[in-house]
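Enquirer: Contents of coords36.txt (compact mmCIF, C-alpha atoms):
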```txt
# COMPACT_ATOMS: atom_id res chain seq x y z
CA MET A 31 26.44 -30.12 -36.80
CA ASN A 32 29.30 -28.91 -38.94
CA GLN A 33 29.19 -25.47 -40.54
CA GLU A 34 29.23 -26.75 -44.12
CA LYS A 35 26.08 -28.82 -43.55
CA ILE A 36 24.38 -25.90 -41.82
CA LYS A 37 25.17 -23.61 -44.78
CA LYS A 38 23.65 -26.17 -47.17
CA LEU A 39 20.56 -26.46 -44.97
CA GLU A 40 20.24 -22.67 -44.90
CA SER A 41 20.43 -22.52 -48.69
CA ILE A 42 17.82 -25.25 -49.17
CA SER A 43 15.60 -23.72 -46.49
CA ARG A 44 15.78 -20.33 -48.18
CA TRP A 45 14.60 -21.87 -51.45
CA ILE A 46 11.70 -23.70 -49.73
CA ILE A 47 10.64 -20.62 -47.74
CA ALA A 48 10.81 -18.37 -50.83
CA GLU A 49 8.65 -20.87 -52.71
CA PHE A 50 6.16 -20.82 -49.82
CA PHE A 51 6.07 -17.01 -49.91
CA MET A 52 5.35 -17.00 -53.65
CA GLU A 53 2.66 -19.69 -53.49
CA GLU A 54 0.91 -19.07 -50.18
CA LEU A 55 1.47 -15.45 -49.16
CA ARG A 56 0.27 -13.44 -52.14
CA GLU A 57 -2.41 -11.60 -50.14
CA VAL A 58 0.04 -10.91 -47.31
CA GLU A 59 2.63 -9.59 -49.73
CA ALA A 60 0.10 -7.10 -51.11
CA GLU A 61 -0.22 -5.62 -47.60
CA PHE A 62 3.54 -5.14 -47.30
CA SER A 63 4.29 -4.24 -50.92
CA LEU A 64 7.34 -6.45 -51.37
CA ILE A 65 8.73 -8.88 -48.80
CA ASN A 66 12.45 -9.52 -49.00
CA ILE A 67 14.13 -12.52 -47.39
CA ALA A 68 17.50 -10.99 -46.55
CA LYS A 69 19.06 -14.10 -45.02
CA ILE A 70 18.36 -17.30 -43.18
CA GLU A 71 20.41 -18.56 -40.25
CA ILE A 72 20.14 -21.95 -38.60
CA SER A 73 21.59 -22.41 -35.12
CA SER A 74 24.38 -24.97 -34.81
CA ASP A 75 22.21 -27.25 -32.65
CA LEU A 76 19.29 -27.00 -35.14
CA SER A 77 17.03 -25.42 -32.52
CA TYR A 78 16.16 -22.28 -34.48
CA LEU A 79 15.81 -21.16 -38.05
CA ASP A 80 15.91 -17.36 -38.11
CA ILE A 81 14.45 -15.70 -41.17
CA PHE A 82 15.52 -12.07 -41.61
CA VAL A 83 12.90 -10.20 -43.63
CA SER A 84 12.20 -6.63 -44.71
CA SER A 85 9.45 -4.81 -46.58
CA PHE A 86 8.61 -1.41 -47.99
CA LYS A 87 5.37 -0.91 -46.05
CA ASN A 88 4.14 -1.82 -42.55
CA GLN A 89 7.56 -2.91 -41.32
CA GLU A 90 6.42 -2.97 -37.69
CA LEU A 91 3.74 -5.61 -38.46
CA LEU A 92 5.78 -7.79 -40.79
CA THR A 93 7.35 -10.25 -38.34
CA LYS A 94 4.13 -10.67 -36.33
CA THR A 95 2.11 -11.36 -39.45
CA LEU A 96 4.62 -13.85 -40.84
CA ALA A 97 4.87 -15.62 -37.49
CA LYS A 98 1.27 -16.73 -37.95
CA TYR A 99 2.40 -18.75 -40.97
CA ALA A 100 5.39 -20.36 -39.22
CA PRO A 101 3.60 -23.68 -38.46
CA GLU A 102 2.67 -24.06 -42.15
CA MET A 103 6.24 -23.25 -43.20
CA ASN A 104 7.55 -25.72 -40.67
CA ARG A 105 5.33 -28.47 -42.11
CA LYS A 106 6.54 -27.67 -45.62
CA LEU A 107 10.18 -27.79 -44.47
CA HIS A 108 9.52 -31.07 -42.65
CA LYS A 109 8.13 -32.63 -45.85
CA LYS A 110 11.11 -31.54 -47.96
CA LEU A 111 13.96 -32.02 -45.47
CA SER A 112 14.73 -35.21 -43.64
CA LEU A 113 16.08 -34.03 -40.29
CA ARG A 114 15.80 -35.68 -36.90
CA LYS A 115 15.24 -32.34 -35.24
CA MET A 116 13.25 -29.66 -37.00
CA PRO A 117 14.28 -26.10 -36.07
CA LYS A 118 11.70 -23.65 -34.75
CA ILE A 119 11.08 -20.82 -37.21
CA ARG A 120 11.54 -17.27 -35.95
CA PHE A 121 11.15 -14.08 -37.96
CA LYS A 122 13.40 -11.10 -37.40
CA TYR A 123 13.24 -7.76 -39.13
CA ASP A 124 16.35 -7.01 -41.19
CA GLU A 125 17.38 -3.37 -40.79
CA SER A 126 20.50 -3.53 -42.94
CA TRP A 127 18.89 -1.88 -45.98
CA GLU A 128 17.67 1.01 -43.81
CA ILE A 129 21.17 1.50 -42.42
CA SER A 130 22.59 1.40 -45.96
CA SER A 131 20.06 4.00 -47.09
CA GLU A 132 20.99 6.30 -44.21
CA ILE A 133 24.70 5.98 -44.99
CA LEU A 134 24.08 6.67 -48.66
CA TRP A 135 21.89 9.67 -47.84
CA THR A 136 24.60 11.04 -45.51
CA ILE A 137 27.32 10.60 -48.13
CA ASN A 138 25.21 12.28 -50.81
CA ASN A 139 24.51 15.26 -48.54
CA LEU A 140 28.16 15.95 -47.66
```
As structure tokens, how would this structure be written, given the file I've shared?
Expert:
Amino acid sequence: MNQEKIKKLESISRWIIAEFFMEELREVEAEFSLINIAKIEISSDLSYLDIFVSSFKNQELLTKTLAKYAPEMNRKLHKKLSLRKMPKIRFKYDESWEISSEILWTINNL
């Protein structure tokens, strides 16, 4: 699939997933304080939809907990998107904000 279509799918998927988080994961979000969807990447062959997430608390449990909701998210995506092949949802922890914080802390302490 061409890159432009993949970028559009990523954008639409992000909106659908964020909506799912707001509607269905209120009790989960309380456990992690705030869940941030940093980015969404779809593989060029539509096999995988990687959701990069971060949180303020319980970072080590975040991806495992969200993975339990992947089938529900997949059904919601399937209802809203008309694709021949539905990508498998995977959650990955986004460490970019932690790296940014470390860099900022280092700069401030110079």
Enquirer: Given the choices A:Met103, A:Leu92, A:Leu113, A:Val83, which gets closest to Glu71 (chain A) if the distance is worked out from all atoms listed in the file?
Expert: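 Of A:Met103, A:Leu92, A:Leu113, A:Val83, the one nearest Glu71 (chain A), counting all atoms listed in the file, is A:Val83.
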Enquirer: Give as number ranges by chain every residue, naming chains and numbers as the document does, that has an atom within 6 Å of (16.2, -9.3, -45.5), counting only C-alpha atoms.
Expert: A: 66-69, 82-84, 124
Enquirer: Write out as number ranges by chain which residues come within 9 Å of region 48-64 of chain A when counting only C-alpha atoms, dropping same-chain ones fewer than 2 positions away.
Expert: A: 43-46, 66-67, 84-89, 91-92, 95-96, 99, 103, 106
Enquirer: Please report the interatomic distance between CA of Ser73 (chain A) and CA of Phe121 (chain A) in Å with one decimal.
Expert: 13.7 Å
Enquirer: What's the separation between CA of Leu107 (chain A) and CA of Ile47 (chain A), in Å to one decimal place?
Expert: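 According to the coordinates, CA of Leu107 (chain A) and CA of Ile47 (chain A) are separated by 7.9 Å.
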